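Visitor: Got a structure for you, input24.txt, holding compact mmCIF, C-alpha atoms.
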# COMPACT_ATOMS: atom_id res chain seq x y z
CA MET V 1 -117.09 -40.75 -191.46
CA LEU V 2 -113.41 -40.44 -190.54
CA ALA V 3 -112.54 -43.47 -192.66
CA GLU V 4 -114.36 -41.99 -195.64
CA VAL V 5 -112.48 -38.71 -195.21
CA LYS V 6 -109.16 -40.58 -195.21
CA VAL V 7 -110.13 -42.44 -198.36
CA GLN V 8 -111.16 -39.24 -200.11
CA ILE V 9 -107.94 -37.50 -199.08
CA ALA V 10 -105.89 -40.41 -200.41
CA ARG V 11 -107.86 -40.33 -203.66
CA PHE V 12 -107.37 -36.56 -204.00
CA LEU V 13 -103.62 -36.75 -203.38
CA ASN V 14 -103.26 -39.54 -205.92
CA ARG V 15 -105.18 -37.54 -208.52
CA MET V 16 -103.09 -34.45 -207.91
CA GLN V 17 -99.90 -36.45 -208.21
CA MET V 18 -101.05 -37.78 -211.57
CA SER V 19 -102.31 -34.40 -212.80
CA PHE V 20 -100.40 -32.10 -215.13
CA TRP V 21 -102.27 -28.98 -214.07
CA PHE V 22 -101.99 -29.02 -210.27
CA ILE V 23 -98.38 -27.85 -209.85
CA PRO V 24 -98.49 -25.38 -212.79
CA GLY V 25 -101.77 -24.07 -211.39
CA MET V 26 -100.22 -23.45 -207.98
CA VAL V 27 -97.23 -21.75 -209.58
CA ALA V 28 -99.56 -19.54 -211.63
CA VAL V 29 -101.41 -18.44 -208.49
CA CYS V 30 -98.08 -17.74 -206.77
CA ALA V 31 -96.99 -15.70 -209.82
CA MET V 32 -100.09 -13.53 -209.55
CA LEU V 33 -99.45 -13.00 -205.85
CA ALA V 34 -95.79 -12.21 -206.61
CA GLY V 35 -96.83 -9.64 -209.22
CA TYR V 36 -99.18 -7.99 -206.75
CA GLY V 37 -96.58 -8.08 -203.97
CA ALA V 38 -93.87 -6.63 -206.22
CA GLN V 39 -96.16 -3.73 -207.10
CA LYS V 40 -96.75 -3.02 -203.43
CA LEU V 41 -93.00 -3.13 -202.81
CA ASP V 42 -92.39 -0.64 -205.62
CA LEU V 43 -94.96 1.69 -204.13
CA ALA V 44 -93.34 1.41 -200.70
CA LEU V 45 -89.90 2.16 -202.17
CA TYR V 46 -91.09 4.93 -204.50
CA GLY V 47 -88.66 7.85 -204.43
CA THR V 48 -86.06 6.02 -202.35
CA LEU V 49 -84.34 3.96 -205.05
CA GLU V 50 -80.98 5.32 -206.16
CA TRP V 51 -81.03 3.45 -209.46
CA GLU V 52 -83.37 3.20 -212.41
CA LEU V 53 -83.20 0.19 -214.69
CA THR V 54 -85.06 1.62 -217.68
CA ASP V 55 -87.85 3.89 -218.83
CA ALA V 56 -91.42 2.90 -219.65
CA ALA V 57 -90.69 1.81 -223.24
CA GLY V 58 -87.68 -0.23 -222.21
CA ALA V 59 -89.60 -1.86 -219.35
CA ARG V 60 -92.40 -2.91 -221.72
CA ALA V 61 -89.85 -4.30 -224.16
CA ILE V 62 -88.18 -6.37 -221.43
CA LEU V 63 -91.40 -7.73 -220.03
CA THR V 64 -93.06 -8.51 -223.37
CA THR V 65 -89.91 -10.25 -224.60
CA VAL V 66 -89.67 -12.38 -221.47
CA ALA V 67 -93.41 -13.14 -221.53
CA GLY V 68 -93.42 -14.09 -225.21
CA SER V 69 -90.37 -16.32 -224.97
CA SER V 70 -91.67 -17.97 -221.79
CA ILE V 71 -95.00 -19.02 -223.26
CA THR V 72 -93.26 -20.19 -226.44
CA VAL V 73 -90.82 -22.37 -224.53
CA ALA V 74 -93.71 -23.65 -222.37
CA GLY V 75 -95.35 -24.91 -225.54
CA VAL V 76 -92.09 -26.54 -226.62
CA VAL V 77 -91.72 -28.22 -223.23
CA PHE V 78 -95.28 -29.52 -223.42
CA SER V 79 -94.69 -30.86 -226.94
CA ILE V 80 -91.46 -32.59 -225.89
CA THR V 81 -93.30 -34.11 -222.93
CA MET V 82 -95.97 -35.58 -225.20
CA VAL V 83 -93.32 -37.06 -227.49
CA VAL V 84 -91.47 -38.52 -224.51
CA LEU V 85 -94.65 -40.07 -223.10
CA SER V 86 -95.49 -41.59 -226.49
CA SER V 87 -91.97 -43.01 -226.85
CA ALA V 88 -91.94 -44.35 -223.29
CA SER V 89 -95.34 -45.99 -223.76
CA SER V 90 -94.22 -47.84 -226.88
CA GLN V 91 -90.81 -48.87 -225.52
CA TYR V 92 -91.54 -49.64 -221.87
CA GLY V 93 -95.31 -50.23 -221.87
CA PRO V 94 -98.39 -48.18 -221.03
CA ARG V 95 -98.26 -49.13 -217.34
CA LEU V 96 -95.00 -47.20 -217.03
CA MET V 97 -96.84 -44.02 -218.05
CA ARG V 98 -97.79 -43.50 -214.41
CA ASN V 99 -94.13 -43.31 -213.45
CA PHE V 100 -93.40 -40.65 -216.06
CA ILE V 101 -96.50 -38.60 -215.28
CA ARG V 102 -95.78 -38.82 -211.55
CA GLN V 103 -92.39 -37.14 -211.97
CA PRO V 104 -92.72 -33.53 -210.67
CA GLN V 105 -89.78 -32.05 -212.60
CA THR V 106 -91.68 -31.52 -215.86
CA LYS V 107 -94.62 -29.98 -214.00
CA TRP V 108 -92.37 -27.52 -212.17
CA VAL V 109 -90.72 -26.51 -215.44
CA LEU V 110 -94.10 -25.91 -217.07
CA GLY V 111 -95.22 -24.02 -213.99
CA GLY V 112 -92.06 -21.90 -214.04
CA TYR V 113 -92.63 -20.74 -217.61
CA ILE V 114 -96.35 -20.18 -217.15
CA GLY V 115 -95.72 -18.30 -213.91
CA THR V 116 -93.09 -16.09 -215.57
CA PHE V 117 -95.54 -15.32 -218.38
CA ILE V 118 -98.33 -14.35 -215.97
CA TYR V 119 -96.00 -12.27 -213.80
CA CYS V 120 -94.66 -10.29 -216.76
CA LEU V 121 -98.17 -9.61 -218.07
CA MET V 122 -99.32 -8.33 -214.69
CA VAL V 123 -96.34 -6.00 -214.30
CA ALA V 124 -96.47 -4.77 -217.91
CA ALA V 125 -100.13 -3.80 -217.48
CA THR V 126 -99.22 -1.30 -214.73
CA ILE V 127 -96.56 0.65 -216.68
CA ARG V 128 -97.67 4.16 -217.68
CA ASP V 129 -96.14 6.87 -219.89
CA GLY V 130 -96.55 10.63 -219.77
CA GLU V 131 -96.62 13.17 -217.02
CA TYR V 132 -97.99 10.66 -214.51
CA GLY V 133 -95.81 7.84 -215.74
CA TRP V 134 -95.08 4.84 -213.60
CA VAL V 135 -92.32 2.28 -214.06
CA PRO V 136 -92.11 -0.30 -211.24
CA GLN V 137 -88.35 -0.74 -211.25
CA VAL V 138 -88.19 -3.59 -208.73
CA SER V 139 -90.96 -5.51 -210.51
CA VAL V 140 -89.34 -5.06 -213.92
CA THR V 141 -85.96 -6.14 -212.57
CA ALA V 142 -87.53 -9.26 -211.06
CA GLY V 143 -89.15 -10.02 -214.43
CA GLY V 144 -85.75 -9.84 -216.13
CA VAL V 145 -84.27 -12.14 -213.50
CA PHE V 146 -87.08 -14.64 -214.05
CA GLY V 147 -86.31 -14.57 -217.77
CA VAL V 148 -82.65 -15.39 -217.13
CA LEU V 149 -83.55 -18.18 -214.71
CA SER V 150 -85.81 -19.68 -217.37
CA PHE V 151 -82.71 -20.81 -219.26
CA GLY V 152 -81.78 -22.88 -216.24
CA LEU V 153 -85.25 -24.45 -216.21
CA LEU V 154 -84.89 -25.49 -219.84
CA ILE V 155 -81.48 -27.07 -219.20
CA ALA V 156 -82.83 -28.87 -216.13
CA PHE V 157 -85.78 -30.18 -218.15
CA ILE V 158 -83.59 -31.53 -220.94
CA ASN V 159 -81.27 -33.17 -218.41
CA HIS V 160 -84.23 -34.79 -216.64
CA VAL V 161 -85.73 -36.17 -219.85
CA THR V 162 -82.48 -37.59 -221.18
CA THR V 163 -81.68 -39.17 -217.81
CA PHE V 164 -85.08 -40.57 -217.00
CA LEU V 165 -85.56 -42.23 -220.39
CA GLN V 166 -82.56 -44.49 -219.87
CA ALA V 167 -83.65 -48.09 -219.33
CA SER V 168 -81.60 -48.44 -216.15
CA GLN V 169 -83.18 -45.32 -214.69
CA VAL V 170 -86.69 -46.53 -215.52
CA ILE V 171 -85.98 -49.88 -213.88
CA ASN V 172 -84.46 -48.25 -210.78
CA ASP V 173 -87.45 -45.91 -210.44
CA VAL V 174 -89.90 -48.83 -210.50
CA ALA V 175 -87.68 -50.82 -208.13
CA SER V 176 -87.46 -47.99 -205.60
CA ARG V 177 -91.24 -47.70 -205.45
CA LEU V 178 -91.50 -51.47 -205.14
CA TYR V 179 -89.18 -51.52 -202.13
CA LYS V 180 -91.12 -48.68 -200.51
CA THR V 181 -94.31 -50.68 -200.94
CA LEU V 182 -92.66 -53.74 -199.38
CA GLU V 183 -91.57 -51.68 -196.38
CA VAL V 184 -95.17 -50.57 -195.81
CA LEU V 185 -96.89 -53.91 -196.42
CA PHE V 186 -94.37 -56.26 -194.82
CA PRO V 187 -92.93 -54.54 -191.73
CA LEU V 188 -91.77 -57.80 -190.09
CA SER V 189 -88.34 -57.30 -191.62
CA ALA V 190 -87.22 -55.92 -188.25
CA LEU V 191 -87.69 -59.39 -186.71
CA SER V 192 -85.27 -62.28 -186.96
CA LYS V 193 -86.43 -65.64 -188.28
CA GLU V 194 -86.71 -67.01 -184.74
CA GLN V 195 -88.71 -64.00 -183.57
CA ARG V 196 -90.95 -64.21 -186.63
CA ASP V 197 -91.68 -67.90 -186.02
CA ALA V 198 -92.51 -67.09 -182.39
CA VAL V 199 -95.37 -64.77 -183.36
CA LYS V 200 -98.53 -66.64 -182.35
CA PRO V 201 -102.02 -66.02 -183.72
CA GLY V 202 -104.74 -64.80 -181.42
CA THR V 203 -107.69 -66.80 -180.17
CA ILE V 204 -110.57 -67.17 -182.59
CA PRO V 205 -113.85 -66.04 -180.97
CA GLN V 206 -116.25 -68.86 -180.24
CA GLY V 207 -119.92 -69.16 -181.11
CA LEU V 208 -119.79 -67.32 -184.43
CA GLU V 209 -122.27 -68.54 -187.03
CA ASN V 210 -124.68 -67.35 -189.72
CA PRO V 211 -122.30 -65.07 -191.62
CA VAL V 212 -123.69 -61.92 -193.18
CA SER V 213 -122.78 -61.23 -196.80
CA VAL V 214 -121.31 -57.75 -197.36
CA LYS V 215 -121.75 -56.32 -200.85
CA ILE V 216 -120.97 -52.95 -202.41
CA ASP V 217 -122.48 -51.32 -205.47
CA HIS V 218 -119.21 -49.93 -206.83
CA ARG V 219 -116.76 -51.26 -209.41
CA GLY V 220 -113.04 -50.82 -209.92
CA PHE V 221 -109.59 -51.91 -208.84
CA ILE V 222 -108.89 -51.93 -205.11
CA GLN V 223 -106.04 -49.43 -204.79
CA ALA V 224 -105.81 -49.53 -200.99
CA ILE V 225 -107.66 -50.80 -197.92
CA ASN V 226 -107.96 -48.68 -194.79
CA ILE V 227 -107.92 -51.41 -192.14
CA GLU V 228 -107.85 -49.28 -188.96
CA PRO V 229 -111.51 -48.13 -188.94
CA LEU V 230 -112.69 -51.64 -189.79
CA LEU V 231 -110.64 -53.06 -186.91
CA LYS V 232 -112.13 -50.50 -184.54
CA GLN V 233 -115.69 -51.24 -185.62
CA ALA V 234 -115.17 -55.00 -185.54
CA THR V 235 -113.82 -54.75 -181.99
CA GLU V 236 -116.69 -52.56 -180.83
CA HIS V 237 -119.28 -54.97 -182.28
CA ASP V 238 -117.41 -58.12 -181.19
CA ALA V 239 -117.38 -59.28 -184.80
CA VAL V 240 -115.09 -61.01 -187.29
CA LEU V 241 -114.80 -59.67 -190.83
CA ARG V 242 -113.42 -61.75 -193.71
CA ILE V 243 -112.39 -59.59 -196.70
CA HIS V 244 -112.24 -61.55 -199.96
CA PHE V 245 -109.99 -59.22 -201.91
CA LYS V 246 -106.58 -57.57 -201.67
CA PRO V 247 -105.21 -54.41 -203.33
CA GLY V 248 -104.92 -54.97 -207.07
CA ASP V 249 -108.06 -57.10 -207.36
CA TYR V 250 -111.04 -55.93 -209.43
CA VAL V 251 -114.45 -55.66 -207.77
CA LEU V 252 -117.69 -55.98 -209.73
CA PRO V 253 -120.80 -54.00 -208.75
CA GLY V 254 -123.01 -55.99 -206.40
CA GLN V 255 -120.26 -58.52 -205.71
CA GLU V 256 -119.72 -59.94 -202.25
CA VAL V 257 -116.55 -58.38 -200.87
CA ALA V 258 -116.65 -59.69 -197.30
CA LEU V 259 -118.37 -61.97 -194.81
CA LEU V 260 -119.31 -60.84 -191.31
CA TRP V 261 -119.71 -62.98 -188.20
CA GLN V 262 -121.00 -61.13 -185.15
CA SER V 263 -121.87 -62.21 -181.65
CA GLY V 264 -122.34 -58.80 -180.09
CA GLU V 265 -124.21 -55.66 -181.06
CA THR V 266 -125.50 -55.65 -184.64
CA TRP V 267 -123.14 -53.89 -187.04
CA GLU V 268 -125.80 -52.13 -189.09
CA ASP V 269 -123.51 -49.90 -191.17
CA VAL V 270 -121.06 -52.61 -192.14
CA GLU V 271 -121.61 -52.16 -195.90
CA ASP V 272 -121.01 -48.40 -195.69
CA ASP V 273 -117.96 -48.88 -193.48
CA VAL V 274 -116.44 -51.48 -195.80
CA LYS V 275 -117.18 -49.35 -198.86
CA SER V 276 -115.54 -46.35 -197.19
CA ALA V 277 -112.45 -48.38 -196.29
CA LEU V 278 -111.92 -49.61 -199.85
CA LEU V 279 -110.21 -47.14 -202.17
CA LEU V 280 -111.48 -48.09 -205.63
CA GLY V 281 -110.17 -46.66 -208.88
CA SER V 282 -110.12 -47.23 -212.61
CA GLU V 283 -106.53 -48.49 -212.56
CA ARG V 284 -104.07 -50.26 -210.29
CA THR V 285 -101.54 -48.32 -208.24
CA ASP V 286 -98.50 -49.33 -206.21
CA ASP V 287 -99.68 -47.73 -202.96
CA GLN V 288 -100.58 -51.11 -201.39
CA ASP V 289 -100.41 -53.34 -204.48
CA ALA V 290 -96.94 -54.89 -204.38
CA GLU V 291 -97.57 -57.06 -207.43
CA PHE V 292 -98.31 -54.00 -209.57
CA ALA V 293 -94.69 -52.82 -209.47
CA VAL V 294 -93.63 -56.41 -210.19
CA ASP V 295 -95.88 -56.38 -213.25
CA GLN V 296 -94.27 -53.13 -214.39
CA LEU V 297 -90.79 -54.64 -214.26
CA VAL V 298 -91.99 -57.77 -216.03
CA GLU V 299 -93.57 -55.66 -218.76
CA VAL V 300 -90.26 -53.86 -219.33
CA ALA V 301 -88.45 -57.20 -219.52
CA VAL V 302 -90.96 -58.83 -221.87
CA ARG V 303 -90.97 -55.83 -224.22
CA ALA V 304 -87.17 -55.85 -224.21
CA LEU V 305 -87.31 -59.48 -225.37
CA SER V 306 -89.69 -58.72 -228.24
CA SER V 307 -88.36 -59.00 -231.78
CA GLY V 308 -88.90 -55.29 -232.36
CA ILE V 309 -86.63 -54.20 -229.49
CA ASN V 310 -84.40 -57.27 -228.89
CA ASP V 311 -82.62 -55.93 -225.81
CA PRO V 312 -81.68 -58.87 -223.55
CA PHE V 313 -79.53 -56.65 -221.31
CA THR V 314 -82.60 -54.76 -220.09
CA ALA V 315 -84.40 -58.05 -219.43
CA ILE V 316 -81.39 -59.31 -217.46
CA ASN V 317 -81.39 -56.16 -215.33
CA CYS V 318 -85.10 -56.64 -214.61
CA ILE V 319 -84.51 -60.25 -213.55
CA ARG V 320 -81.77 -59.19 -211.14
CA ILE V 321 -83.98 -56.48 -209.62
CA LEU V 322 -86.84 -58.96 -209.26
CA GLY V 323 -84.45 -61.41 -207.60
CA GLY V 324 -83.42 -58.79 -205.09
CA MET V 325 -87.07 -58.01 -204.38
CA LEU V 326 -87.88 -61.68 -203.78
CA ALA V 327 -84.87 -62.04 -201.47
CA GLU V 328 -86.05 -59.13 -199.37
CA LEU V 329 -89.58 -60.51 -199.39
CA ASP V 330 -88.27 -63.79 -198.00
CA GLU V 331 -86.34 -61.84 -195.35
CA ARG V 332 -89.46 -59.97 -194.29
CA GLY V 333 -91.86 -62.89 -194.40
CA LEU V 334 -95.42 -62.73 -195.64
CA PRO V 335 -98.12 -61.67 -193.17
CA GLY V 336 -100.70 -64.24 -192.20
CA GLY V 337 -103.62 -62.11 -193.30
CA VAL V 338 -105.18 -62.04 -189.84
CA ILE V 339 -105.53 -59.00 -187.62
CA HIS V 340 -106.28 -59.19 -183.91
CA ASP V 341 -107.46 -56.68 -181.35
CA ASP V 342 -105.52 -55.72 -178.23
CA GLU V 343 -106.89 -58.76 -176.40
CA GLY V 344 -105.64 -61.19 -179.05
CA LYS V 345 -109.03 -61.95 -180.57
CA LEU V 346 -109.29 -62.38 -184.32
CA ARG V 347 -111.16 -59.44 -185.85
CA ILE V 348 -110.23 -59.23 -189.54
CA ALA V 349 -109.04 -61.82 -192.03
CA THR V 350 -107.84 -60.60 -195.40
CA GLN V 351 -106.81 -62.08 -198.71
CA THR V 352 -103.07 -62.60 -198.45
CA TYR V 353 -100.07 -62.55 -200.73
CA THR V 354 -98.26 -65.84 -201.33
CA TYR V 355 -94.76 -66.77 -202.43
CA ALA V 356 -96.28 -68.69 -205.33
CA GLY V 357 -98.16 -65.59 -206.44
CA PHE V 358 -95.08 -63.36 -206.31
CA LEU V 359 -92.88 -65.86 -208.13
CA ASP V 360 -95.52 -66.45 -210.80
CA ALA V 361 -95.94 -62.72 -211.31
CA ALA V 362 -92.18 -62.15 -211.45
CA PHE V 363 -90.96 -65.01 -213.62
CA ASN V 364 -93.74 -66.74 -215.57
CA GLN V 365 -93.94 -64.33 -218.50
CA ILE V 366 -90.18 -63.79 -218.60
CA ARG V 367 -89.63 -67.55 -218.71
CA GLN V 368 -92.21 -67.98 -221.46
CA ASN V 369 -90.58 -65.28 -223.59
CA SER V 370 -86.93 -66.22 -222.99
CA ARG V 371 -86.91 -69.88 -224.00
CA ASN V 372 -84.82 -69.13 -227.07
CA VAL V 373 -82.69 -66.39 -225.47
CA GLU V 374 -79.95 -68.32 -223.72
CA SER V 375 -78.38 -65.38 -221.88
CA VAL V 376 -81.70 -64.44 -220.30
CA SER V 377 -82.80 -67.94 -219.32
CA ILE V 378 -79.35 -68.68 -217.83
CA THR V 379 -79.60 -65.46 -215.81
CA LEU V 380 -83.05 -66.54 -214.67
CA ILE V 381 -81.89 -69.96 -213.44
CA ASP V 382 -78.87 -68.30 -211.82
CA THR V 383 -81.19 -65.94 -209.94
CA LEU V 384 -83.41 -68.83 -208.83
CA ALA V 385 -80.34 -70.78 -207.65
CA ARG V 386 -78.97 -67.87 -205.65
CA LEU V 387 -82.37 -67.36 -204.04
CA LYS V 388 -82.46 -71.07 -203.17
CA GLU V 389 -79.08 -70.84 -201.42
CA ARG V 390 -80.37 -68.21 -199.01
CA ALA V 391 -84.04 -69.18 -198.78
CA ILE V 392 -85.52 -68.84 -195.29
CA SER V 393 -89.09 -70.00 -195.79
CA PRO V 394 -89.61 -73.67 -196.79
CA GLU V 395 -92.61 -72.59 -198.85
CA PHE V 396 -90.42 -70.10 -200.71
CA ALA V 397 -87.80 -72.78 -201.42
CA THR V 398 -90.49 -75.13 -202.73
CA GLU V 399 -91.81 -72.51 -205.13
CA LEU V 400 -88.28 -71.76 -206.34
CA LYS V 401 -87.85 -75.45 -207.14
CA ARG V 402 -91.12 -75.46 -209.08
CA HIS V 403 -90.04 -72.52 -211.23
CA ALA V 404 -86.60 -74.02 -211.79
CA ASP V 405 -88.22 -77.23 -213.02
CA LEU V 406 -90.50 -75.31 -215.38
CA LEU V 407 -87.53 -73.42 -216.78
CA LYS V 408 -85.49 -76.62 -217.14
CA HIS V 409 -88.28 -78.26 -219.10
CA ASP V 410 -88.45 -75.28 -221.46
CA VAL V 411 -84.75 -74.95 -222.19
CA GLU V 412 -84.16 -78.67 -222.71
CA ASN V 413 -86.42 -78.45 -225.74
CA CYS V 414 -85.04 -75.14 -227.03
CA TYR V 415 -81.26 -74.99 -226.51
CA THR V 416 -79.31 -75.97 -229.61
CA ASN V 417 -75.83 -75.55 -228.12
CA GLN V 418 -74.73 -78.17 -225.61
CA ASP V 419 -72.28 -75.79 -223.92
CA ASP V 420 -75.12 -73.39 -223.14
CA LEU V 421 -77.18 -76.28 -221.80
CA ALA V 422 -74.22 -77.33 -219.63
CA ASP V 423 -74.00 -73.80 -218.20
CA PHE V 424 -77.69 -73.95 -217.41
CA MET V 425 -77.52 -77.38 -215.76
CA GLU V 426 -74.54 -76.34 -213.66
CA ARG V 427 -76.73 -73.69 -212.04
CA TYR V 428 -79.70 -76.04 -211.82
CA ASP V 429 -77.71 -78.62 -209.81
CA ILE V 430 -78.67 -76.98 -206.51
CA PHE V 431 -82.28 -77.98 -207.19
CA SER V 432 -81.32 -81.51 -208.22
CA ASN V 433 -80.01 -82.10 -204.71
CA ASP V 434 -83.56 -81.74 -203.36
CA ASP V 435 -84.54 -84.90 -205.23
CA ASP V 436 -81.79 -87.01 -203.68
Now, as a test, write the supplied structure out as structure tokens.

Guide:
Amino acid sequence: MLAEVKVQIARFLNRMQMSFWFIPGMVAVCAMLAGYGAQKLDLALYGTLEWELTDAAGARAILTTVAGSSITVAGVVFSITMVVLSSASSQYGPRLMRNFIRQPQTKWVLGGYIGTFIYCLMVAATIRDGEYGWVPQVSVTAGGVFGVLSFGLLIAFINHVTTFLQASQVINDVASRLYKTLEVLFPLSALSKEQRDAVKPGTIPQGLENPVSVKIDHRGFIQAINIEPLLKQATEHDAVLRIHFKPGDYVLPGQEVALLWQSGETWEDVEDDVKSALLLGSERTDDQDAEFAVDQLVEVAVRALSSGINDPFTAINCIRILGGMLAELDERGLPGGVIHDDEGKLRIATQTYTYAGFLDAAFNQIRQNSRNVESVSITLIDTLARLKERAISPEFATELKRHADLLKHDVENCYTNQDDLADFMERYDIFSNDDD
């Protein structure tokens, strides 16, 4: 039950982060509370104020003007946002839409204008003329202040849009989320190479046979896996659980997602526990899916290399960011995909990431689309060579050599200028030494 609650909370938070209405809705509720509180403050200060901003007619004019302009600008902001999203989708790719929608600045601006509109309407409705007239001076003054501050919101929104649409900013935003994902998934970066190599696997339990197939009746992308409750249950039942998928994989309904070996008490609710631990969704996210952010950067690079955009500088920036990511990944080391209990017994085995998978995801499509773009392919071989110079893992170095050979084969058949080919081969020489 606790695992299911965690999964549902994670799903809710992700939906709210991707929603356009959540923050404006909260601001609207706060605006209603502020309008009510301002009225109470005016009543408490009635007869004690030494100043009077305006009469009833003037107060209505101020509030209606601020309310009308606020809702008008809110519509303009929403329209600009739709245009920006459309432009970003066509230039950077639909997968980058998540990054734009996730940004809270636009939502706070929309919420600010909607909240100002609601506040002014609430205060204007309480103004009365005649013998028993009532003009809430504090509330009206606050409404005027909100109207003035709205200009600042508009300037902040325009600054945010113009800044965030820059290619370098888009790339840096994706890269920052990628590095955060790496920090969560690969925490061994705190260990040195010697310490990392000294980490020994636990003892595999003996006498395990007749595995039980674990299936779920749901479909979707695995956005995250909550391992802790599964580890607890596997330990309590003296069982070993082998999960076939990792975050980013797609699960079909009725498909086997795990195998269970148990030598202790029967784990009767294993299907429900596994289903609760898997956060499934209609799309991939970068919460635990490190390759998703890699795919986003690759999509930006490939689109930049298309004939319609023809922007090799953006592709080069993406390659350098991907190179930095791979260098840090090599520093951290890839986990073995096995999880042990406190006694060192194997309890959970998961589908693991590999250096080959990361390098294929990072460079295959860029290599295939940059054969005839010398500046990009030379940057790519330069990045591979620099990674080779500092490679820690032998497996990582082997995969770098494989990609360098693939790239060399491509450019030998595409380069028309011998000087460009010489520049390429100069950087490739570090891989030639492996053949000696």

Visitor: Which one of V:Ser87, V:Phe151, V:Asp330, V:Ile309 sits closest to Arg390 (chain V) if you count all atoms listed in the file?

Guide: V:Asp330

Visitor: Do a neighbour search on Tyr119 (chain V) at 9 Å with only C-alpha atoms, toss out local chain neighbours closer than 2 positions, and write the hits as JSON, numbers by chain.

Guide: {"V": [28, 31, 32, 33, 34, 35, 36, 63, 67, 114, 115, 116, 117, 121, 122, 123, 124, 143]}

Visitor: From the set V:Leu13, V:Ile222, V:Met26, V:Ile171, which residue has the shortest atom-to-atom contact distance to Ile321 (chain V), counting all atoms listed in the file?

Guide: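 Of the candidates, the smallest distance to Ile321 (chain V) is held by V:Ile171.
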
Visitor: As a tab-separated table (two decimals) with C-alpha atoms, keeping the file's coordinate frame, please: the residues near Thr65 (chain V) (cut-off 12 Å, only C-alpha atoms, same-chain neighbours under 4 positions excluded).

Guide:
chain	number	residue	atom	x	y	z
V	58	GLY	CA	-87.68	-0.23	-222.21
V	59	ALA	CA	-89.60	-1.86	-219.35
V	60	ARG	CA	-92.40	-2.91	-221.72
V	61	ALA	CA	-89.85	-4.30	-224.16
V	69	SER	CA	-90.37	-16.32	-224.97
V	70	SER	CA	-91.67	-17.97	-221.79
V	71	ILE	CA	-95.00	-19.02	-223.26
V	72	THR	CA	-93.26	-20.19	-226.44
V	116	THR	CA	-93.09	-16.09	-215.57
V	117	PHE	CA	-95.54	-15.32	-218.38
V	120	CYS	CA	-94.66	-10.29	-216.76
V	121	LEU	CA	-98.17	-9.61	-218.07
V	124	ALA	CA	-96.47	-4.77	-217.91
V	140	VAL	CA	-89.34	-5.06	-213.92
V	143	GLY	CA	-89.15	-10.02	-214.43
V	144	GLY	CA	-85.75	-9.84	-216.13
V	146	PHE	CA	-87.08	-14.64	-214.05
V	147	GLY	CA	-86.31	-14.57	-217.77
V	148	VAL	CA	-82.65	-15.39	-217.13

Visitor: Quick one: residues within 6 Å of Lys388 (chain V), only C-alpha atoms, excluding same-chain residues fewer than 3 positions away - as a list of chain:residue names?

Guide: V:Ala385, V:Ala391, V:Ala397

Visitor: For Leu41 (chain V), find every residue with an atom within 8 Å (counting only C-alpha atoms), except residues of its own chain fewer than 4 positions away, and show them as a VMD selection string.

Guide: chain V and resid 37 45 138

Visitor: List the spatial neighbours of Arg128 (chain V) as a list in words - criterion: any atom at most 10 Å away, all atoms listed in the file, same-chain residues fewer than 5 positions off excluded.

Guide: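 Skipping anything fewer than 5 positions along the chain leaves Asp55, Ala56, Ala57, Arg60, Gly133, Trp134, Val135 and Pro136 of chain V.
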
Visitor: Find the distance between CA of Asp419 (chain V) and CA of Ser375 (chain V) and write it in Å to one decimal.

Guide: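 CA of Ser375 (chain V) lies at a distance of 12.2 Å from CA of Asp419 (chain V).
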
Visitor: Calculated over only C-alpha atoms, which of the candidates V:Ala234, V:Leu154, V:Ala327, V:Val411 has the smallest distance to Ile378 (chain V)?

Guide: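 Comparing V:Ala234, V:Leu154, V:Ala327, V:Val411 against Ile378 (chain V), the winner is V:Val411.
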
Visitor: To one decimal place in Å, what is the distance between CA of Leu182 (chain V) and CA of Thr352 (chain V)?

Guide: 13.7 Å

Visitor: Which residue out of V:Val376, V:Ile243, V:Leu279, V:Leu178 has the minimum interatomic distance to Gly324 (chain V) when all atoms listed in the file are used?

Guide: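 Nearest candidate to Gly324 (chain V) out of V:Val376, V:Ile243, V:Leu279, V:Leu178: V:Leu178.
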
Visitor: For CA of Pro229 (chain V) and CA of Arg15 (chain V), quote the distance in Å rounded to one decimal.

Guide: 23.1 Å

Visitor: Name the closest residue to Ala88 (chain V) among the candidates V:Arg219, V:Lys107, V:Arg303, V:Lys40; distances are taken between atoms, counting all atoms listed in the file.

Guide: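 For Ala88 (chain V), the nearest of the given residues is V:Arg303.
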
Visitor: Given the choices V:Asp289, V:Glu283, V:Glu271, V:Asp342, which gets closest to Lys246 (chain V) if the distance is worked out from only C-alpha atoms?

Guide: V:Asp289
